[in-house]
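Worksheet for the structure shown next.
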Amino acid sequence: MSFLVLENLRKSFGQIQVVKDFNMSINKGEFVSFLGPSGCGKTTVLRMIAGFETPSDGTITINGTNQTRLKTNQRNIGMVFQAYALFPNMNVFDNVAFGLKVAGKPKAEIESRVREMLKLISLDHLADRYPYQMSGGQQQRVALARALAPKPQVLLLDEPLSALDAKIRVSLREEIRQIQKQLGITTVFVTHDQEEALSISDRIVVMNAGRADQIGTPSEIYNRPATRFVASFVGTLNIIEATVIDPAANTVKVGDNTIILRESIGALKGGDKLSIALRPEAGSLSESARGDTALSGKVISSHFLGSVIRTKVDVGGNQISFDMFNSPDAVMPREGEMLTLRFNASDFLIVRE
Amino acid sequence: MKPAKILAWVAIAVGIIYFFVPLLGTFEFSLRMRRGEYSFDAYGSVFSDAAFRATFGYSMLMALFTIIFGMLLVVPTAYWVRLRLPQMRPVVEFLTLMPLVIPAIVVVFGYLRLYNSSSYIPFTGSIMGTNILLVMSYITLALPYMYRSVDTAMRTIDVRTLTEAAEILGAKWPTIMFRCIFPNVMSGVLSGAFITFAIVMGEFTMAALLNRPAFGPYLQLVGANKAYEPSALAVIAFAITWLSMGLIQLVTRFSKLAPSRA
């Protein structure tokens with residue numbers, strides 16, 4: 001059942017419309033990530049849920065109650081900010097207790113809830129520290145505990161890992177996900193980092209120019225991108241131009257190669273141009289140059305990237321990146337060498353604008 | 001030693017002589033009240049004067065009110081400008097600089113025209129009213145220093161994010177102001193308070209023209225009628241100012257609140 005519902009949400013700043021007809025239903029306990037480049041409107045949607053921005057149009061409903069016109073301090077939402085935003089004049093205990101004190105909870109309840117939260121983030125031994133005495137990762141964990149302490153209906157995470165170094169980022173994102181699952185709290189996470197979104201989300205909303213281009217599970221987003229934007233934004237992707245040969249048989253031509261697509265292209269005519277997406281890791285090297293899912297071309301370059309070897313192959317004017325796992329026996333393709341790459345029919349994705 | 005370095009030391013020495021010789025002269029003169037030997041008689045005379053105690057106490061009280069009401073005006077204003085009206089910042093900065101440009105005597109004559117006993121708001125019609133007017137005029141005089149010190153302190157914290165963090169935790173405006181913002185700009189508030197204190201303790205024009213028994217007019221009165229006591233009072237006034245400046249330094253240096261890493 002939908003817990004957080006965003007209906008026809010719009011937001012304009014002056015003449016500029018930054019969020020356009022945004023619709024989404026989030027289930028209770030679900031972890032949803034808003035993924036997109038800077039300026040795509042993801043943070044604006046989050047800020048509208050929080051109540052920091054008033055929607056120009058549309059409604060925000062949480063647990064069946066319309067929140068659209070409620071003030072921020074009336075919504076019972078928790079939020080973790082990119083910049084930590086701990087109160088510098090308060091120690092860890094007081095920071096976590098702040099929301100409970102504001103709500104007028106009894107002293108004993110505040111004490112036990114704060115201790116519980118600090119234990120949850122494994123910082124119960126640092127209750128007396130001030131924010132400036134802690135590392136960025138520790139501060140962000142305290143910020144998480146502070147947001148969770150008043151038992152909010154929804155938890156909002158506004159790029160909480162962006163200010164941290166790579167190693168802490170990975171461990172903290174796993175910790176956030178584990179705590180979220182443990183508490184079963186409905187969470188909206190904003191990020192521009194696809195790896196973060198793919199690794200911890202139940203569902204991802206890929207946003208582009210104020211709209212949700214695609215909403216789906218990480219696997220759907222990665223393997224079945226709905227638009228060219230999603231395909232190019234999430235992961236590395238080859239976009240190749242093909243020409244339709246026989247729409248009834250789903251055959252297209254890429255350079256000198258004829259391939260059969262799994263998806264129907266019956267609506268197109270012979271000679272029409274078509275964009276097809278291919279993941280670099282989807283193909284494998286093939287001895288035979290024949291086959292209806294094989295692409296042959298000349299090696300342009302080959303780079304050793306540690307765990308993978310990335311090779312660029314020119315297939316009828318299309319540059320295709322192809323990744324193969326590194327092993328001690330792996331042989332790097334040489335520049336100018338002819339290669340045949342074999343794919344599964346399902347690897348060829350028709351890209352819509 | 002390089003010539004440039006020698007010149008720098010010469011410049012420092014000239015500066016020290018220029019500032020300290022008159023002060024030392026004043027101090028030395030203040031010790032000469034007893035013929036033929038140095039003594040603190042002039043200071044004793046000043047401290048035993050009932051008028052000194054009365055005017056000093058009065059100015060202290062006025063300074064206290066000026067600081068309290070000044071800060072109640074300045075902190076929310078600086079906060080609001082930073083949070084909601086950043087485009088108004090140049091205008092507010094210009095307004096707060098006005099007291100430096102307009103002479104105090106012009107300001108006080110303006111007050112007397114606007115708030116005299118036959119006006120719609122007759123502040124000068126009663127002692128209490130005149131005292132209120134004096135505090136208001138001191139707030140005006142101290143505004144450039146108060147606003148700047150508070151605004152500088154606000155620059156060290158991320159006002160917007162802290163406000164939003166407090167708001168989403170359920171806090172209302174007074175809680176945000178007094179529990180989240182005010183304590184984090186305390187170093188600026190205290191710096192502004194000490195500067196204000198120093199200004200109010202030495203202020204003459206406003207107090208004299210509003211005919212209030214403040215320390216500034218008392219300094220002038222003693223200066224016009226006595227020989228050694230004015231020098232002692234000048235040294236005392238300097239000591240108050242320096243004490244205030246020293247406290248500003250202390251507050252700034254030992255402020256345990258590090259800026260938010262926003």
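By convention here, the chains of the structure tokens are called A, B, ... in the order presented, each chain's residues are numbered starting at 1, and ligands are numbered starting at 1 in the order presented.
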
> When the cut-off is 9 Å and we count only C-alpha atoms, which residues of chain A are near chain B, given as a PyMOL selection string?
Replying inline: chain A and resi 50-52+71-90+98-100+102-103+130-133+136+146-147+150

Residues just named, written with C-alpha atoms as a CSV table (one decimal), in the first residue's frame:
```
chain,number,residue,atom,x,y,z
A,50,ALA,CA,10.2,18.2,3.8
A,51,GLY,CA,8.2,21.4,3.5
A,52,PHE,CA,11.1,23.7,2.8
A,71,LYS,CA,4.6,23.6,7.8
A,72,THR,CA,7.9,21.7,8.0
A,73,ASN,CA,7.8,21.5,11.8
A,74,GLN,CA,4.3,19.9,11.7
A,75,ARG,CA,5.2,17.0,9.3
A,76,ASN,CA,7.1,14.6,11.5
A,77,ILE,CA,9.8,13.9,8.9
A,78,GLY,CA,13.4,13.2,9.6
A,79,MET,CA,16.2,14.6,7.4
A,80,VAL,CA,19.9,14.2,7.0
A,81,PHE,CA,21.7,17.0,5.2
A,82,GLN,CA,24.8,16.9,3.0
A,83,ALA,CA,26.5,19.3,5.3
A,84,TYR,CA,25.7,17.3,8.5
A,85,ALA,CA,24.0,20.4,10.0
A,86,LEU,CA,24.7,19.3,13.6
A,87,PHE,CA,24.2,22.2,16.1
A,88,PRO,CA,27.8,23.3,16.9
A,89,ASN,CA,26.8,24.4,20.4
A,90,MET,CA,25.4,21.1,21.5
A,98,PHE,CA,16.9,18.0,20.3
A,99,GLY,CA,13.8,16.8,18.4
A,100,LEU,CA,12.6,14.9,21.5
A,102,VAL,CA,11.2,20.1,21.2
A,103,ALA,CA,8.3,17.6,21.2
A,130,TYR,CA,31.0,18.2,20.3
A,131,PRO,CA,30.6,18.1,16.5
A,132,TYR,CA,34.0,19.8,15.9
A,133,GLN,CA,35.7,17.0,17.8
A,136,GLY,CA,32.8,13.7,9.0
A,146,ARG,CA,19.2,12.8,15.4
A,147,ALA,CA,16.8,12.5,12.4
A,150,PRO,CA,11.7,11.4,17.1
```

> Could you pull out all residues of range 97-248 of chain A with a DSSP call of alpha helix (DSSP H) and give them as a ChimeraX atom specification?
Replying inline: /A:97-102,107-120,136-148,166-183,194-200,218-223,228-233

Would you save the residues from that selection as a compact mmCIF listing (two decimals), in the first residue's frame, using C-alpha atoms?
```
# COMPACT_ATOMS: atom_id res chain seq x y z
CA ALA A 97 17.86 14.75 21.97
CA PHE A 98 16.89 18.01 20.27
CA GLY A 99 13.82 16.77 18.41
CA LEU A 100 12.58 14.90 21.47
CA LYS A 101 13.03 17.96 23.70
CA VAL A 102 11.18 20.14 21.21
CA LYS A 107 13.31 13.36 30.50
CA ALA A 108 13.54 9.61 31.10
CA GLU A 109 12.12 8.84 27.66
CA ILE A 110 14.57 11.25 26.03
CA GLU A 111 17.49 9.66 27.86
CA SER A 112 16.58 6.11 26.85
CA ARG A 113 15.71 6.98 23.25
CA VAL A 114 18.95 8.91 22.75
CA ARG A 115 20.98 6.04 24.22
CA GLU A 116 19.12 3.62 21.93
CA MET A 117 19.85 5.76 18.87
CA LEU A 118 23.52 6.21 19.78
CA LYS A 119 23.84 2.47 20.20
CA LEU A 120 22.21 1.97 16.80
CA GLY A 136 32.80 13.75 8.95
CA GLY A 137 31.58 10.14 8.98
CA GLN A 138 30.88 10.24 12.72
CA GLN A 139 29.05 13.56 12.37
CA GLN A 140 26.87 12.16 9.63
CA ARG A 141 26.00 9.12 11.75
CA VAL A 142 25.01 11.46 14.59
CA ALA A 143 22.90 13.41 12.10
CA LEU A 144 21.19 10.14 11.15
CA ALA A 145 20.52 9.29 14.81
CA ARG A 146 19.17 12.81 15.38
CA ALA A 147 16.82 12.46 12.40
CA LEU A 148 15.58 9.03 13.58
CA ALA A 166 35.29 7.14 -0.79
CA LYS A 167 35.94 4.46 1.82
CA ILE A 168 33.70 5.99 4.50
CA ARG A 169 31.06 6.57 1.85
CA VAL A 170 30.80 2.87 1.05
CA SER A 171 30.71 1.72 4.69
CA LEU A 172 28.22 4.43 5.72
CA ARG A 173 25.84 3.72 2.86
CA GLU A 174 25.74 0.08 3.91
CA GLU A 175 25.15 1.14 7.51
CA ILE A 176 22.33 3.49 6.45
CA ARG A 177 20.67 0.71 4.47
CA GLN A 178 21.00 -1.76 7.32
CA ILE A 179 19.50 0.71 9.85
CA GLN A 180 16.71 1.56 7.41
CA LYS A 181 15.83 -2.11 7.02
CA GLN A 182 16.05 -2.69 10.76
CA LEU A 183 13.65 0.18 11.51
CA GLN A 194 24.63 5.95 -9.67
CA GLU A 195 26.65 3.35 -7.80
CA GLU A 196 25.19 4.53 -4.49
CA ALA A 197 21.66 4.45 -5.87
CA LEU A 198 22.08 1.05 -7.51
CA SER A 199 23.62 -0.54 -4.44
CA ILE A 200 21.14 0.38 -1.72
CA PRO A 218 18.07 -1.04 -9.83
CA SER A 219 18.14 -4.05 -12.17
CA GLU A 220 15.39 -2.62 -14.40
CA ILE A 221 17.07 0.77 -14.52
CA TYR A 222 20.43 -0.73 -15.42
CA ASN A 223 19.35 -3.48 -17.76
CA ARG A 228 18.43 7.47 -24.02
CA PHE A 229 19.07 9.73 -21.00
CA VAL A 230 18.66 6.87 -18.50
CA ALA A 231 20.80 4.63 -20.66
CA SER A 232 23.61 7.18 -20.83
CA PHE A 233 23.37 8.35 -17.20
```

>> So the first atom is CA of Met48 in chain A and the second is CA of Trp80 in chain B; what is the distance between them in Å, to one decimal place?
In response: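 Spanning CA of Met48 in chain A to CA of Trp80 in chain B is a straight-line distance of 21.4 Å.
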
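Counting only C-alpha atoms and comparing B:Met201, B:Leu133, B:Met98, B:Val74, the residue that lies closest to Gly216 in chain B is B:Met201.
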
> Taking only C-alpha atoms into account, which of A:Asp128, A:Glu281, A:Asp21, A:Asp314 comes nearest Phe343 in chain A?
Replying inline: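 Using only C-alpha atoms, the shortest distance to Phe343 in chain A belongs to A:Glu281.
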
> What is the CA of Pro103 in chain B to CA of Val75 in chain B distance in Å?
Replying inline: 25.0 Å

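Take CA of Arg342 in chain A and CA of Ala248 in chain A: the distance between them is 23.1 Å.
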